[in-house]
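Heads up, work_4.pdb below (PDB, C-alpha atoms and all ligand atoms):
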```
ATOM      1  CA  MET A   1      -4.542 -23.104  16.591
ATOM      2  CA  GLU A   2      -4.863 -26.777  15.835
ATOM      3  CA  VAL A   3      -3.818 -26.330  12.281
ATOM      4  CA  ALA A   4      -0.823 -27.856  10.547
ATOM      5  CA  GLY A   5       2.137 -25.775   9.425
ATOM      6  CA  SER A   6       5.700 -26.057   8.250
ATOM      7  CA  ASP A   7       9.083 -24.441   8.509
ATOM      8  CA  ASN A   8      11.118 -22.885   5.730
ATOM      9  CA  GLN A   9      12.974 -26.158   5.216
ATOM     10  CA  GLY A  10       9.805 -28.114   4.497
ATOM     11  CA  ARG A  11       9.468 -29.743   7.917
ATOM     12  CA  GLU A  12       5.820 -30.306   8.839
ATOM     13  CA  PHE A  13       4.183 -29.634  12.206
ATOM     14  CA  LYS A  14       0.833 -31.094  13.190
ATOM     15  CA  SER A  15      -0.185 -27.920  15.013
ATOM     16  CA  SER A  16       1.107 -24.535  16.106
ATOM     17  CA  ALA A  17       1.221 -25.950  19.644
ATOM     18  CA  GLU A  18       3.715 -28.569  18.516
ATOM     19  CA  MET A  19       5.832 -25.930  16.747
ATOM     20  CA  TRP A  20       5.797 -23.516  19.703
ATOM     21  CA  LYS A  21       6.662 -26.292  22.125
ATOM     22  CA  GLU A  22       9.697 -27.085  20.064
ATOM     23  CA  GLN A  23      10.769 -23.427  19.784
ATOM     24  CA  LEU A  24       9.957 -22.283  23.303
ATOM     25  CA  GLY A  25       9.922 -25.436  25.400
ATOM     26  CA  ASP A  26       7.084 -26.294  27.755
ATOM     27  CA  GLY A  27       7.242 -23.035  29.671
ATOM     28  CA  THR A  28       9.586 -24.232  32.400
ATOM     29  CA  ASP A  29      12.696 -23.222  30.466
ATOM     30  CA  SER A  30      12.606 -19.465  29.942
ATOM     31  CA  HIS A  31      15.991 -19.596  28.182
ATOM     32  CA  LYS A  32      14.388 -20.880  25.019
ATOM     33  CA  LYS A  33      12.097 -17.874  24.827
ATOM     34  CA  VAL A  34      14.990 -15.507  25.518
ATOM     35  CA  ASP A  35      16.889 -17.231  22.682
ATOM     36  CA  TRP A  36      13.924 -16.909  20.309
ATOM     37  CA  TYR A  37      13.896 -13.132  20.743
ATOM     38  CA  ARG A  38      17.676 -12.807  20.876
ATOM     39  CA  ASN A  39      18.000 -14.665  17.581
ATOM     40  CA  GLY A  40      15.249 -12.569  15.992
ATOM     41  CA  VAL A  41      16.900  -9.268  16.836
ATOM     42  CA  GLY A  42      20.342 -10.834  16.196
ATOM     43  CA  TYR A  43      19.288 -11.588  12.631
ATOM     44  CA  TRP A  44      18.400  -7.943  11.957
ATOM     45  CA  GLN A  45      21.525  -6.660  13.666
ATOM     46  CA  GLU A  46      23.544  -8.104  10.778
ATOM     47  CA  VAL A  47      21.374  -6.469   8.117
ATOM     48  CA  ASP A  48      22.220  -3.223   6.295
ATOM     49  CA  ALA A  49      20.314  -0.139   7.419
ATOM     50  CA  SER A  50      18.801   0.361   3.960
ATOM     51  CA  VAL A  51      15.410  -0.106   2.293
ATOM     52  CA  ASP A  52      16.714  -3.220   0.525
ATOM     53  CA  GLY A  53      17.999  -4.481   3.870
ATOM     54  CA  VAL A  54      14.735  -4.184   5.792
ATOM     55  CA  LEU A  55      12.778  -5.584   2.835
ATOM     56  CA  GLY A  56      15.019  -8.620   2.381
ATOM     57  CA  GLY A  57      16.281  -7.510  -1.031
ATOM     58  CA  PHE A  58      12.850  -6.429  -2.266
ATOM     59  CA  GLY A  59      13.370  -2.675  -1.924
ATOM     60  CA  HIS A  60      11.400  -2.121  -5.129
ATOM     61  CA  VAL A  61       8.142  -3.181  -3.455
ATOM     62  CA  THR A  62       8.217   0.059  -1.476
ATOM     63  CA  GLU A  63       6.258   1.905  -4.141
ATOM     64  CA  PRO A  64       3.236  -0.450  -4.400
ATOM     65  CA  ASP A  65       3.448  -1.018  -0.635
ATOM     66  CA  ILE A  66       3.147   2.670   0.209
ATOM     67  CA  LYS A  67       0.445   3.208  -2.426
ATOM     68  CA  GLY A  68      -1.634   0.347  -0.998
ATOM     69  CA  SER A  69      -1.104   1.556   2.559
ATOM     70  CA  GLU A  70      -2.009   5.127   1.680
ATOM     71  CA  ALA A  71      -5.299   4.100   0.049
ATOM     72  CA  PHE A  72      -6.152   1.953   3.080
ATOM     73  CA  LEU A  73      -5.218   4.691   5.549
ATOM     74  CA  ASN A  74      -7.239   7.261   3.623
ATOM     75  CA  SER A  75     -10.312   5.052   3.653
ATOM     76  CA  LEU A  76     -10.047   4.970   7.447
ATOM     77  CA  LEU A  77      -9.189   8.598   8.109
ATOM     78  CA  SER A  78     -12.153   9.737   6.067
ATOM     79  CA  ASP A  79     -14.517   7.374   7.882
ATOM     80  CA  PRO A  80     -16.845   9.472  10.046
ATOM     81  CA  LEU A  81     -17.550   6.485  12.303
ATOM     82  CA  LEU A  82     -13.977   6.393  13.462
ATOM     83  CA  ASN A  83     -12.948   9.960  13.080
ATOM     84  CA  ASN A  84     -12.567  11.397  16.541
ATOM     85  CA  GLY A  85     -12.471  14.953  15.239
ATOM     86  CA  ASN A  86      -9.010  15.425  16.645
ATOM     87  CA  SER A  87      -6.920  17.697  14.461
ATOM     88  CA  HIS A  88      -3.585  16.873  16.116
ATOM     89  CA  ARG A  89      -2.950  13.341  14.955
ATOM     90  CA  VAL A  90      -0.338  11.025  16.413
ATOM     91  CA  ALA A  91       0.870   7.625  15.137
ATOM     92  CA  LEU A  92       3.188   4.905  16.397
ATOM     93  CA  ASP A  93       5.298   2.980  13.872
ATOM     94  CA  CYS A  94       6.025  -0.446  15.401
ATOM     95  CA  GLY A  95       9.097  -2.392  14.290
ATOM     96  CA  SER A  96       9.870   0.680  12.229
ATOM     97  CA  GLY A  97      13.248  -0.505  10.939
ATOM     98  CA  ILE A  98      14.920   2.491   9.309
ATOM     99  CA  GLY A  99      11.660   4.468   9.352
ATOM    100  CA  ARG A 100      10.590   3.592   5.809
ATOM    101  CA  VAL A 101       6.844   3.656   6.566
ATOM    102  CA  THR A 102       7.083   6.812   8.657
ATOM    103  CA  LYS A 103       9.139   8.687   6.092
ATOM    104  CA  ASN A 104       7.088   7.699   3.042
ATOM    105  CA  LEU A 105       3.640   7.750   4.584
ATOM    106  CA  LEU A 106       2.922   8.408   8.253
ATOM    107  CA  ILE A 107       4.797  11.701   8.583
ATOM    108  CA  ARG A 108       2.566  13.197   5.871
ATOM    109  CA  TYR A 109      -0.657  12.297   7.678
ATOM    110  CA  PHE A 110       0.250  12.633  11.351
ATOM    111  CA  ASN A 111       1.522  15.659  13.248
ATOM    112  CA  GLU A 112       3.671  13.431  15.389
ATOM    113  CA  VAL A 113       5.027   9.967  14.797
ATOM    114  CA  ASP A 114       6.791   7.844  17.417
ATOM    115  CA  LEU A 115       9.019   5.009  16.265
ATOM    116  CA  LEU A 116       9.676   1.733  18.049
ATOM    117  CA  GLU A 117      12.526  -0.476  16.881
ATOM    118  CA  PRO A 118      14.716  -2.881  18.888
ATOM    119  CA  VAL A 119      17.735  -2.780  16.540
ATOM    120  CA  PRO A 120      19.855   0.284  17.423
ATOM    121  CA  HIS A 121      21.499   0.883  14.031
ATOM    122  CA  PHE A 122      18.095   0.836  12.290
ATOM    123  CA  LEU A 123      16.614   3.274  14.769
ATOM    124  CA  GLU A 124      19.625   5.546  14.437
ATOM    125  CA  ALA A 125      19.242   5.559  10.639
ATOM    126  CA  ALA A 126      15.567   6.438  11.103
ATOM    127  CA  ARG A 127      16.440   9.270  13.452
ATOM    128  CA  GLN A 128      18.975  10.725  11.006
ATOM    129  CA  SER A 129      16.669  10.663   8.015
ATOM    130  CA  LEU A 130      13.663  11.978   9.920
ATOM    131  CA  VAL A 131      15.448  14.785  11.715
ATOM    132  CA  PHE A 132      16.186  16.220   8.306
ATOM    133  CA  ASP A 133      12.503  15.957   7.373
ATOM    134  CA  GLY A 134      11.632  17.539  10.673
ATOM    135  CA  LYS A 135      13.523  20.654   9.685
ATOM    136  CA  ILE A 136      11.453  21.063   6.549
ATOM    137  CA  GLY A 137       8.098  20.977   8.241
ATOM    138  CA  ALA A 138       9.186  21.183  11.853
ATOM    139  CA  ASP A 139       6.152  23.124  13.026
ATOM    140  CA  GLU A 140       3.503  20.722  11.823
ATOM    141  CA  HIS A 141       4.873  17.220  11.332
ATOM    142  CA  LYS A 142       7.673  15.561  13.214
ATOM    143  CA  ALA A 143       9.080  12.279  14.463
ATOM    144  CA  THR A 144       8.936  12.766  18.216
ATOM    145  CA  ASN A 145      10.021   9.695  20.190
ATOM    146  CA  PHE A 146      12.411   6.928  19.212
ATOM    147  CA  TYR A 147      11.963   3.883  21.441
ATOM    148  CA  CYS A 148      14.681   1.242  21.213
ATOM    149  CA  VAL A 149      12.661  -1.654  22.646
ATOM    150  CA  PRO A 150      10.960  -4.757  21.271
ATOM    151  CA  LEU A 151       7.172  -4.897  21.055
ATOM    152  CA  GLN A 152       6.845  -7.559  23.732
ATOM    153  CA  GLU A 153       8.388  -5.166  26.265
ATOM    154  CA  PHE A 154       6.573  -2.008  25.236
ATOM    155  CA  THR A 155       3.563  -0.309  26.784
ATOM    156  CA  PRO A 156       2.445   2.891  25.074
ATOM    157  CA  ASN A 157       1.462   6.034  26.935
ATOM    158  CA  SER A 158      -2.221   5.989  27.568
ATOM    159  CA  GLY A 159      -4.498   7.651  24.990
ATOM    160  CA  ARG A 160      -1.673   9.039  22.827
ATOM    161  CA  TYR A 161      -2.277   7.474  19.415
ATOM    162  CA  ASP A 162      -4.796   7.797  16.604
ATOM    163  CA  VAL A 163      -3.099   4.947  14.769
ATOM    164  CA  ILE A 164      -0.719   2.221  15.892
ATOM    165  CA  TRP A 165       0.917   0.875  12.728
ATOM    166  CA  VAL A 166       2.346  -2.651  12.850
ATOM    167  CA  GLN A 167       4.036  -3.768   9.646
ATOM    168  CA  TRP A 168       6.250  -6.748   8.943
ATOM    169  CA  CYS A 169       7.298  -7.318  12.532
ATOM    170  CA  ILE A 170       4.504  -9.081  14.458
ATOM    171  CA  GLY A 171       5.773 -12.459  13.169
ATOM    172  CA  HIS A 172       8.620 -12.132  15.654
ATOM    173  CA  LEU A 173       6.178 -12.341  18.556
ATOM    174  CA  THR A 174       5.014 -15.581  20.115
ATOM    175  CA  ASP A 175       1.225 -16.025  20.238
ATOM    176  CA  ASP A 176       1.093 -15.107  23.938
ATOM    177  CA  ASP A 177       3.173 -11.970  23.446
ATOM    178  CA  PHE A 178       1.150 -11.030  20.351
ATOM    179  CA  VAL A 179      -2.062 -11.120  22.391
ATOM    180  CA  SER A 180      -0.634  -9.390  25.442
ATOM    181  CA  PHE A 181       0.952  -6.664  23.310
ATOM    182  CA  PHE A 182      -2.407  -5.780  21.740
ATOM    183  CA  LYS A 183      -4.184  -5.982  25.078
ATOM    184  CA  ARG A 184      -1.693  -3.516  26.613
ATOM    185  CA  ALA A 185      -1.495  -1.303  23.549
ATOM    186  CA  LYS A 186      -5.271  -0.780  23.402
ATOM    187  CA  ALA A 187      -4.925   1.740  26.204
ATOM    188  CA  GLY A 188      -2.491   3.679  23.999
ATOM    189  CA  LEU A 189      -5.224   4.439  21.459
ATOM    190  CA  LYS A 190      -7.412   7.520  21.534
ATOM    191  CA  PRO A 191     -11.154   6.855  21.400
ATOM    192  CA  GLY A 192     -11.914   6.070  17.758
ATOM    193  CA  GLY A 193      -8.289   5.152  17.046
ATOM    194  CA  TYR A 194      -7.167   1.905  15.485
ATOM    195  CA  PHE A 195      -4.394  -0.553  14.908
ATOM    196  CA  ILE A 196      -3.310  -1.111  11.357
ATOM    197  CA  VAL A 197      -1.576  -4.428  10.904
ATOM    198  CA  LYS A 198       0.084  -5.123   7.561
ATOM    199  CA  GLU A 199       1.692  -8.522   7.347
ATOM    200  CA  ASN A 200       2.603 -11.473   5.181
ATOM    201  CA  THR A 201       0.039 -14.263   5.217
ATOM    202  CA  ALA A 202       0.554 -18.005   4.902
ATOM    203  CA  ARG A 203      -1.939 -19.856   2.702
ATOM    204  CA  SER A 204      -2.896 -21.980   5.673
ATOM    205  CA  GLY A 205      -1.632 -22.576   9.178
ATOM    206  CA  PHE A 206       1.789 -21.021   9.526
ATOM    207  CA  VAL A 207       5.325 -21.051   8.191
ATOM    208  CA  LEU A 208       8.157 -20.918  10.680
ATOM    209  CA  ASP A 209      11.336 -19.162   9.570
ATOM    210  CA  LYS A 210      14.138 -20.610  11.634
ATOM    211  CA  GLU A 211      16.687 -18.186  10.256
ATOM    212  CA  ASP A 212      15.160 -14.998  11.670
ATOM    213  CA  CYS A 213      12.948 -16.630  14.335
ATOM    214  CA  SER A 214       9.611 -15.462  13.045
ATOM    215  CA  ILE A 215       6.401 -17.060  11.886
ATOM    216  CA  THR A 216       4.109 -16.152   9.029
ATOM    217  CA  ARG A 217       0.527 -16.769  10.085
ATOM    218  CA  SER A 218      -2.511 -17.447   7.932
ATOM    219  CA  ASP A 219      -5.409 -15.009   7.752
ATOM    220  CA  LEU A 220      -7.425 -17.306  10.037
ATOM    221  CA  TYR A 221      -4.579 -17.511  12.548
ATOM    222  CA  TYR A 222      -4.348 -13.686  12.702
ATOM    223  CA  LYS A 223      -8.093 -13.410  13.140
ATOM    224  CA  GLU A 224      -8.064 -15.858  16.004
ATOM    225  CA  LEU A 225      -5.303 -13.913  17.789
ATOM    226  CA  PHE A 226      -7.078 -10.581  17.165
ATOM    227  CA  LYS A 227     -10.181 -12.063  18.736
ATOM    228  CA  LYS A 228      -8.200 -13.281  21.731
ATOM    229  CA  SER A 229      -6.785  -9.760  22.078
ATOM    230  CA  GLY A 230     -10.335  -8.426  22.308
ATOM    231  CA  LEU A 231     -10.063  -6.508  19.048
ATOM    232  CA  HIS A 232     -12.740  -5.931  16.467
ATOM    233  CA  LEU A 233     -11.792  -6.408  12.820
ATOM    234  CA  TYR A 234     -13.160  -3.294  11.187
ATOM    235  CA  LYS A 235     -11.780  -3.613   7.672
ATOM    236  CA  ASN A 236      -9.255  -5.655   5.757
ATOM    237  CA  LYS A 237      -7.756  -5.502   2.322
ATOM    238  CA  ASP A 238      -5.292  -7.422   0.188
ATOM    239  CA  GLN A 239      -2.164  -5.643  -0.969
ATOM    240  CA  ARG A 240      -1.993  -5.692  -4.753
ATOM    241  CA  ASN A 241       0.833  -5.578  -7.289
ATOM    242  CA  PHE A 242       3.459  -7.434  -5.318
ATOM    243  CA  PRO A 243       5.814  -9.957  -6.953
ATOM    244  CA  LYS A 244       4.222 -13.418  -7.133
ATOM    245  CA  GLU A 245       7.083 -15.132  -5.307
ATOM    246  CA  LEU A 246       6.325 -13.199  -2.111
ATOM    247  CA  PHE A 247       3.802 -14.176   0.538
ATOM    248  CA  PRO A 248       0.458 -12.454  -0.063
ATOM    249  CA  VAL A 249       0.207  -9.364   2.161
ATOM    250  CA  LYS A 250      -2.927  -8.259   3.998
ATOM    251  CA  MET A 251      -3.881  -5.057   5.773
ATOM    252  CA  TYR A 252      -6.143  -5.187   8.823
ATOM    253  CA  ALA A 253      -7.753  -2.243  10.596
ATOM    254  CA  LEU A 254      -8.718  -3.113  14.164
ATOM    255  CA  THR A 255     -10.707  -1.191  16.708
ATOM    256  CA  THR A 256     -11.109  -1.719  20.414
ATOM    257  CA  GLU A 257     -14.880  -1.510  20.244
ATOM    258  CA  VAL A 258     -17.448  -2.372  17.639
ATOM    259  CA  PRO A 259     -18.103   0.957  15.912
ATOM    260  CA  LYS A 260     -21.646   2.033  16.752
ATOM    261  CA  ARG A 261     -22.903   1.764  13.220
ATOM    262  CA  SER A 262     -26.338   0.447  14.193
ATOM    263  CA  ARG A 263     -26.910   3.229  16.699
ATOM    264  CA  LEU A 264     -25.953   5.871  14.157
ATOM    265  CA  SER A 265     -28.278   4.513  11.507
ATOM    266  CA  ARG A 266     -31.095   4.289  14.062
ATOM    267  CA  CYS A 267     -30.576   7.951  14.897
ATOM    268  CA  LYS A 268     -30.769   8.756  11.219
ATOM    269  CA  GLN A 269     -34.017   6.831  10.828
ATOM    270  CA  HIS A 270     -35.666   8.747  13.620
ATOM    271  CA  ALA A 271     -34.062  12.072  12.901
ATOM    272  CA  ASN A 272     -37.333  13.723  11.853
ATOM    273  CA  ARG A 273     -39.268  12.558  14.905
ATOM    274  CA  PRO A 274     -39.352  14.245  18.242
ATOM    275  CA  SER A 275     -37.135  12.332  20.644
ATOM    276  CA  ILE A 276     -36.138  12.365  24.230
ATOM    277  CA  ILE A 277     -32.767  13.906  24.898
ATOM    278  CA  LYS A 278     -30.835  11.371  26.964
TER
HETATM  279  N1  LIG B   1       8.273  -2.132   9.401
HETATM  280  C1  LIG B   1       9.493  -1.777   8.694
HETATM  281  C2  LIG B   1      10.633  -2.771   8.922
HETATM  282  C3  LIG B   1      10.370  -4.196   8.500
HETATM  283  S1  LIG B   1      11.767  -5.278   8.780
HETATM  284  C4  LIG B   1       9.197  -1.610   7.229
HETATM  285  O1  LIG B   1       8.119  -2.023   6.789
HETATM  286  O2  LIG B   1      10.027  -1.050   6.533
HETATM  287  C5  LIG B   1      11.285  -6.063  10.332
HETATM  288  C6  LIG B   1      11.606  -5.197  11.524
HETATM  289  O3  LIG B   1      11.097  -5.811  12.703
HETATM  290  C7  LIG B   1      13.100  -5.015  11.742
HETATM  291  O4  LIG B   1      13.393  -3.653  11.830
HETATM  292  C8  LIG B   1      13.355  -5.740  13.050
HETATM  293  O5  LIG B   1      14.415  -5.215  13.816
HETATM  294  C9  LIG B   1      12.009  -5.575  13.739
HETATM  295  N2  LIG B   1      11.812  -6.515  14.860
HETATM  296  C10 LIG B   1      12.379  -7.719  15.076
HETATM  297  N3  LIG B   1      11.967  -8.245  16.237
HETATM  298  C11 LIG B   1      11.111  -7.341  16.779
HETATM  299  C12 LIG B   1      10.373  -7.301  18.013
HETATM  300  N4  LIG B   1      10.430  -8.300  18.885
HETATM  301  N5  LIG B   1       9.623  -6.203  18.264
HETATM  302  C13 LIG B   1       9.578  -5.184  17.373
HETATM  303  N6  LIG B   1      10.255  -5.175  16.206
HETATM  304  C14 LIG B   1      11.015  -6.238  15.911
END
```

Output the file's structure in the form of structure tokens.
Amino acid sequence: MEVAGSDNQGREFKSSAEMWKEQLGDGTDSHKKVDWYRNGVGYWQEVDASVDGVLGGFGHVTEPDIKGSEAFLNSLLSDPLLNNGNSHRVALDCGSGIGRVTKNLLIRYFNEVDLLEPVPHFLEAARQSLVFDGKIGADEHKATNFYCVPLQEFTPNSGRYDVIWVQWCIGHLTDDDFVSFFKRAKAGLKPGGYFIVKENTARSGFVLDKEDCSITRSDLYYKELFKKSGLHLYKNKDQRNFPKELFPVKMYALTTEVPKRSRLSRCKQHANRPSIIK
């Protein structure tokens, strides 16, 4: 993206290429990339395994966050174009932290939820709180797998998921790893499944956070990377009712193929005519 950006100390970059070159080197020095990821996870290793911890002191946004996510998820699950008719639904919660999204939302809608989180004490907290939930409704809804790996090293089992949920963690990935993660993870979706990405957005370009080694991308920047990943943007929505001092948050629903809307409506048009069965 040839668009200017800045870091959290007000330093300007002419382009994302300039910023990445500074963070990661020119590709010949793999140490810099290792450091980028080590510092990212290292930041979270020092953070309390609590809702306030994973939300950077903004634990109170959980309520509007979950409400907004639930409305968005419902609009997708009820969509006949995407509904694969599968009654056993499975989700993956990426960068799950302590399992806040799974516990408050995903576990109610999916029969199984897998969690992926590279920070061991977060994942352990998630396991503890979800095992208890599992006992309540163990037959129908449960947290199944707990993967302690970062997104850039993860490849999901093929065809397992109805939804792959990515919230507040993709900023830790470099552009190349962002694209290759989605390319790999596509195979993890069932037909008709989708990615839901819920992230902070920069007003333009990007904002680099040197403290936790992450970047906040603009809406345009996300869209460009989704396109490079071969994903189709099916729906997006702004999160409402968040404190003004926070970055605006957007939700994106992405599919691996363009939903066959035009074919469906054509069928409808001709429904009362005799037609050849193909
Ligand atoms: N999604 C959770 C947690 C957000 S905090 C929620 O909404 O409550 C950001 C999370 O991203 C932390 O748990 C952090 O450990 C995780 N993270 C950091 N680097 C990551 C990486 N490379 N891959 C996956 N997750 C990462």

Q | Nearby polymer residues, ligand LIG 1 (chain B), at most 9 Å, only C-alpha atoms and all ligand atoms, as a ChimeraX atom specification | A | /A:37-45,49,51,53-56,62,65,93-102,116-120,122-123,149-154,165-173,198,212-214

(Q) Taking only C-alpha atoms into account, name the residue in A:Asp114, A:Glu70, A:Glu12, A:Asp35 that is nearest to Pro156 of chain A. (A)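 Under the stated criterion, the closest residue is A:Asp114.
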
Q: Check what the PyMOL selection byres (((chain A and resi 76) around 12) and not hetatm) selects in the file above and give those residues as a PyMOL selection string.
A: chain A and resi 69-75+77-84+109+162-163+192-196+234-237+251-255

Q: Give the answer as one residue: which of A:Cys148, A:Gln128, A:Lys244, A:Tyr161 has the shortest atom-to-atom distance to Phe110 of chain A, using all atoms listed in the file?
A: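 Among the listed residues, the smallest separation from Phe110 of chain A belongs to A:Tyr161.
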
Q: Take the PyMOL selection byres (((chain A and resi 18-22) around 12) and not hetatm), apply it to the structure above, and return the hits as a PyMOL selection string.
A: chain A and resi 1-7+11-17+23-30+32-33+36+173-176+205-210+213-215

Q: Could you give me, as a PyMOL selection string, the residues within 8 Å of Asn200 of chain A, counting all atoms listed in the file and dropping anything in the same chain fewer than 4 positions from it?
A: chain A and resi 168+216-217+247-250

Q. When distances are computed from all atoms listed in the file, which of A:Lys103, A:Gly57, A:His31, A:Ser158 shows the smallest separation from Val131 of chain A?
A. A:Lys103
